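First the structure, in the form of C-alpha cells, and then the observations on it.
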Amino acid sequence: MQRIHNVTQLADVDDDELARSYAYPRQLERPWVRGNFVASIDGAFTVDGVSGVLGGPADKKVFALLRALAEVIVVGAGTVRAENYGGAHPDRALRQRFYQQGIGGSEDGAPPPIAVVTAHASLDPTARLFTNAETPPIIITTRQAPADRIEALKNAGADVVIAGEATIMGAALLKVLSERGLNRVLCEGGPTLLGQLAEADLVDELCLTTAPVLVGGTGGRITLSSRQFDTPMARKHLLLADDGTILARWARR
C-alpha cells in the first residue's frame with residue numbers, strides 16, 4: 001500500500017486496517033469525543049435540510065465503521081427530527097471483535113445507544129428513535145422540560161436523565177455518559193452540539209467527509225457557537241475514494 005504523508009487510496013485499505021486507522025485509544029479515563037460530519041466542497045453540510053444525501057458509498061462505509069467502534073452516539077434533537085433517526089444496528093460480531101482488540105465496540109456486541117440532547121424533551125415517543133432501536137436511547141434534558149413529555153419518553157423505553165436547570169453544558173453531557181461507562185463518544189450532529197462541545201474544548205477529533213459536489217445556497221457550517229475559538233488540529237490521515245470523496249481524520253494537537 002502506497003502512502004504519501006498519510007494520504008492513501010481507500011481501495012488499497014482492507015477492512016482490518018481501516019478499523020485500526022479509526023481506533024479509539026485503548027485506555028480511557030475520560031470520555032473521548034469524536035465528531036463525524038459530511039460537507040460539500042463549498043462547505044454545505046446539508047442539502048434540503050438533511051446531510052444524508054451528501055454521503056456516497058465511501059462515507060457510508062466509514063459512517064458504519066465509526067458506529068461499530070463507538071460506545072455511544074450523541075446527537076441533538078434537531079438532527080434526530082430532521083434526519084428521522086432510528087437506532088444503530090452495527091454488526092454484533094464486529095463489535096465484539098473490536099472490544100476484544102481494545103479499540104471500541106462492546107463485550108456482548110450490543111449496539112451503542114443513541115444519546116439525544118434536548119433541553120425541553122422535544123421528541124416524539126412514537127418516532128423511529130424509539131421504535132427502531134435495539135438499545136434504548138438516552139434522553140439528556142433539563143428541569144425545564146415538561147413532566148408529561150419526560151413521562152412519555154420513559155414509557156417509550158428511554159433512559160431519561162436531567163443534566164441541567166435550563167441548558168445542558170458539554171461537561172454535564174459527558175458526565176452523564178461517563179457515569180454509564182460510555183467513554184468512546186461519537187457525535188453525529190448537529191452543528192450547534194458540535195460547536196458547543198468544541199467551544200468548551202471537549203472535541204478530541206473530527207472525522208470529516210468532503211463530498212465531491214458544489215451545493216451553493218445558504219446552508220451553514222458544521223460548527224455553530226456563541227463565540228469564536230481556536231483549536232489546533234493535526235491531520236491523522238486522508239483517504240481518497242475513487243469517486244473523489246475525501247475522508248479526513250483530524251485530532252487535537
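Lettering and numbering for the C-alpha cells are positional, with chains as A, B, ... in the shown order, residues counted from 1 in each chain, and ligands counted from 1 in the shown order.
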
### Message
If DSSP is run on the backbone, what residues of stretch 117-200 of chain A are helix (DSSP H, G or I)? A reply as an MDAnalysis selection string would be ideal.
### Response
chainID A and resid 128:131 147:155 170:179 191:199

### Message
Env of stretch 110-114 of chain A: 12 Å cut, atoms = only C-alpha atoms, seq-sep filter 6 positions within chain, self excluded. Answer as a count of residues only.
### Response
57

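Using only C-alpha atoms, the smallest distance between any of A:Asp42, A:Asp124, A:Glu29, A:Glu179 and A:Arg149 comes from A:Asp124.
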
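If you look at atom CA of A:Leu193 and atom CA of A:Val47, they are 19.1 Å away from each other.
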
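Atom pair atom CA of A:Thr209 / atom CA of A:Ala82: separated by 19.7 Å.
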
## Note on the structure
Judged by only C-alpha atoms, the minimum distance to A:Pro191 among A:Gly219, A:Phe63, A:Leu54, A:Ala145 is found for A:Gly219

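Across the model, the gap from atom CA of A:Val62 to atom CA of A:Val7 is 16.0 Å.
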
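Closest to A:Thr210 among A:Leu224, A:Ala44, A:Ala251, A:Leu28 is A:Ala44, based on only C-alpha atoms.
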
Fewer than 2 positions away in the same chain doesn't count, so skip those; otherwise give me all residues within 7 Å of A:Ala163, counting only C-alpha atoms, as a PDB file with all heavy atoms, in the first residue's frame.
ATOM      1  N   ILE A 140     -31.133  13.203  27.283  1.00  0.00           N
ATOM      2  CA  ILE A 140     -30.487  14.089  28.243  1.00  0.00           C
ATOM      3  C   ILE A 140     -31.182  15.438  28.157  1.00  0.00           C
ATOM      4  O   ILE A 140     -31.135  16.115  27.127  1.00  0.00           O
ATOM      5  CB  ILE A 140     -28.983  14.205  27.946  1.00  0.00           C
ATOM      6  CG1 ILE A 140     -28.354  12.797  27.958  1.00  0.00           C
ATOM      7  CG2 ILE A 140     -28.283  15.101  28.966  1.00  0.00           C
ATOM      8  CD1 ILE A 140     -26.967  12.737  27.405  1.00  0.00           C
ATOM      9  N   THR A 141     -31.850  15.823  29.248  1.00  0.00           N
ATOM     10  CA  THR A 141     -32.696  17.008  29.218  1.00  0.00           C
ATOM     11  C   THR A 141     -32.493  17.846  30.475  1.00  0.00           C
ATOM     12  O   THR A 141     -31.529  17.632  31.216  1.00  0.00           O
ATOM     13  CB  THR A 141     -34.177  16.590  29.032  1.00  0.00           C
ATOM     14  OG1 THR A 141     -34.978  17.743  28.806  1.00  0.00           O
ATOM     15  CG2 THR A 141     -34.706  15.814  30.225  1.00  0.00           C
ATOM     16  N   THR A 142     -33.390  18.808  30.708  1.00  0.00           N
ATOM     17  CA  THR A 142     -33.244  19.752  31.825  1.00  0.00           C
ATOM     18  C   THR A 142     -34.490  19.739  32.710  1.00  0.00           C
ATOM     19  O   THR A 142     -35.513  19.134  32.381  1.00  0.00           O
ATOM     20  CB  THR A 142     -33.042  21.182  31.302  1.00  0.00           C
ATOM     21  OG1 THR A 142     -34.277  21.638  30.713  1.00  0.00           O
ATOM     22  CG2 THR A 142     -31.919  21.242  30.275  1.00  0.00           C
ATOM     23  N   VAL A 161     -32.471  11.444  31.552  1.00  0.00           N
ATOM     24  CA  VAL A 161     -31.557  11.975  32.564  1.00  0.00           C
ATOM     25  C   VAL A 161     -31.657  13.493  32.589  1.00  0.00           C
ATOM     26  O   VAL A 161     -31.594  14.149  31.545  1.00  0.00           O
ATOM     27  CB  VAL A 161     -30.095  11.574  32.263  1.00  0.00           C
ATOM     28  CG1 VAL A 161     -29.181  12.011  33.402  1.00  0.00           C
ATOM     29  CG2 VAL A 161     -29.986  10.078  32.027  1.00  0.00           C
ATOM     30  N   ILE A 168     -27.966  22.420  28.814  1.00  0.00           N
ATOM     31  CA  ILE A 168     -27.105  21.258  29.052  1.00  0.00           C
ATOM     32  C   ILE A 168     -25.703  21.612  28.590  1.00  0.00           C
ATOM     33  O   ILE A 168     -25.456  21.775  27.396  1.00  0.00           O
ATOM     34  CB  ILE A 168     -27.627  20.029  28.299  1.00  0.00           C
ATOM     35  CG1 ILE A 168     -29.058  19.722  28.724  1.00  0.00           C
ATOM     36  CG2 ILE A 168     -26.721  18.821  28.560  1.00  0.00           C
ATOM     37  CD1 ILE A 168     -29.814  18.872  27.749  1.00  0.00           C
ATOM     38  N   ALA A 172     -21.472  18.532  31.479  1.00  0.00           N
ATOM     39  CA  ALA A 172     -22.561  17.784  32.115  1.00  0.00           C
ATOM     40  C   ALA A 172     -23.000  16.618  31.236  1.00  0.00           C
ATOM     41  O   ALA A 172     -23.286  15.517  31.729  1.00  0.00           O
ATOM     42  CB  ALA A 172     -23.735  18.712  32.399  1.00  0.00           C
ATOM     43  N   LEU A 173     -23.046  16.847  29.941  1.00  0.00           N
ATOM     44  CA  LEU A 173     -23.393  15.790  28.997  1.00  0.00           C
ATOM     45  C   LEU A 173     -22.408  14.634  29.102  1.00  0.00           C
ATOM     46  O   LEU A 173     -22.799  13.460  29.213  1.00  0.00           O
ATOM     47  CB  LEU A 173     -23.411  16.359  27.580  1.00  0.00           C
ATOM     48  CG  LEU A 173     -23.333  15.373  26.415  1.00  0.00           C
ATOM     49  CD1 LEU A 173     -24.538  14.457  26.398  1.00  0.00           C
ATOM     50  CD2 LEU A 173     -23.199  16.125  25.087  1.00  0.00           C
TER      51      LEU A 173
END

Residues within 12 Å of A:Pro57, only C-alpha atoms, excluding chain neighbours under 5 positions, as a CSV table (one decimal) with N, CA, C and O atoms, in the first residue's frame:
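Below is the file that was written, part_21.csv:
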chain,number,residue,atom,x,y,z
A,10,LEU,N,-8.4,4.7,-0.6
A,10,LEU,CA,-9.3,3.9,0.1
A,10,LEU,C,-9.4,2.5,-0.4
A,10,LEU,O,-9.4,1.5,0.4
A,11,ALA,N,-9.3,2.3,-1.7
A,11,ALA,CA,-9.3,1.0,-2.3
A,11,ALA,C,-8.1,0.1,-1.9
A,11,ALA,O,-8.2,-1.1,-2.0
A,52,GLY,N,-27.7,13.4,4.8
A,52,GLY,CA,-27.5,12.0,4.2
A,52,GLY,C,-27.3,12.0,2.8
A,52,GLY,O,-26.6,11.1,2.3
A,62,VAL,N,-17.5,4.3,6.1
A,62,VAL,CA,-16.8,4.9,7.3
A,62,VAL,C,-17.8,5.2,8.4
A,62,VAL,O,-17.6,5.0,9.6
A,63,PHE,N,-19.0,5.7,8.0
A,63,PHE,CA,-20.1,6.0,8.9
A,63,PHE,C,-20.4,4.8,9.7
A,63,PHE,O,-20.6,4.8,11.0
A,64,ALA,N,-20.6,3.6,9.0
A,64,ALA,CA,-21.0,2.4,9.7
A,64,ALA,C,-19.8,1.9,10.6
A,64,ALA,O,-20.1,1.4,11.7
A,209,THR,N,-15.9,14.0,6.1
A,209,THR,CA,-16.0,13.6,4.7
A,209,THR,C,-16.3,14.8,3.8
A,209,THR,O,-17.2,15.6,4.1
A,211,ALA,N,-17.6,15.7,0.3
A,211,ALA,CA,-18.3,15.2,-0.9
A,211,ALA,C,-17.9,16.0,-2.1
A,211,ALA,O,-17.9,17.2,-2.1
A,241,ALA,N,-11.3,8.3,-2.1
A,241,ALA,CA,-12.1,7.3,-2.8
A,241,ALA,C,-12.1,7.5,-4.3
A,241,ALA,O,-11.8,8.6,-4.8
A,242,ASP,N,-12.4,6.5,-5.0
A,242,ASP,CA,-12.4,6.6,-6.5
A,242,ASP,C,-13.3,7.7,-7.1
A,242,ASP,O,-13.1,8.2,-8.1
A,243,ASP,N,-14.4,8.0,-6.4
A,243,ASP,CA,-15.4,8.9,-6.9
A,243,ASP,C,-15.0,10.4,-6.5
A,243,ASP,O,-15.8,11.3,-6.8
A,244,GLY,N,-13.9,10.6,-5.9
A,244,GLY,CA,-13.5,11.9,-5.5
A,244,GLY,C,-13.7,12.3,-4.1
A,244,GLY,O,-13.3,13.4,-3.6
A,245,THR,N,-14.5,11.5,-3.3
A,245,THR,CA,-14.7,11.7,-1.9
A,245,THR,C,-13.4,11.7,-1.1
A,245,THR,O,-12.5,10.8,-1.4
A,246,ILE,N,-13.3,12.6,-0.2
A,246,ILE,CA,-12.1,12.7,0.7
A,246,ILE,C,-12.5,12.5,2.1
A,246,ILE,O,-13.4,13.1,2.6
A,247,LEU,N,-11.9,11.5,2.8
A,247,LEU,CA,-12.2,11.1,4.2
A,247,LEU,C,-11.0,11.5,5.0
A,247,LEU,O,-9.9,10.9,4.9

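Nearest residue to A:Val116, choosing from A:Glu165, A:Gly190, A:Ser178, A:Glu205 and counting only C-alpha atoms: A:Gly190.
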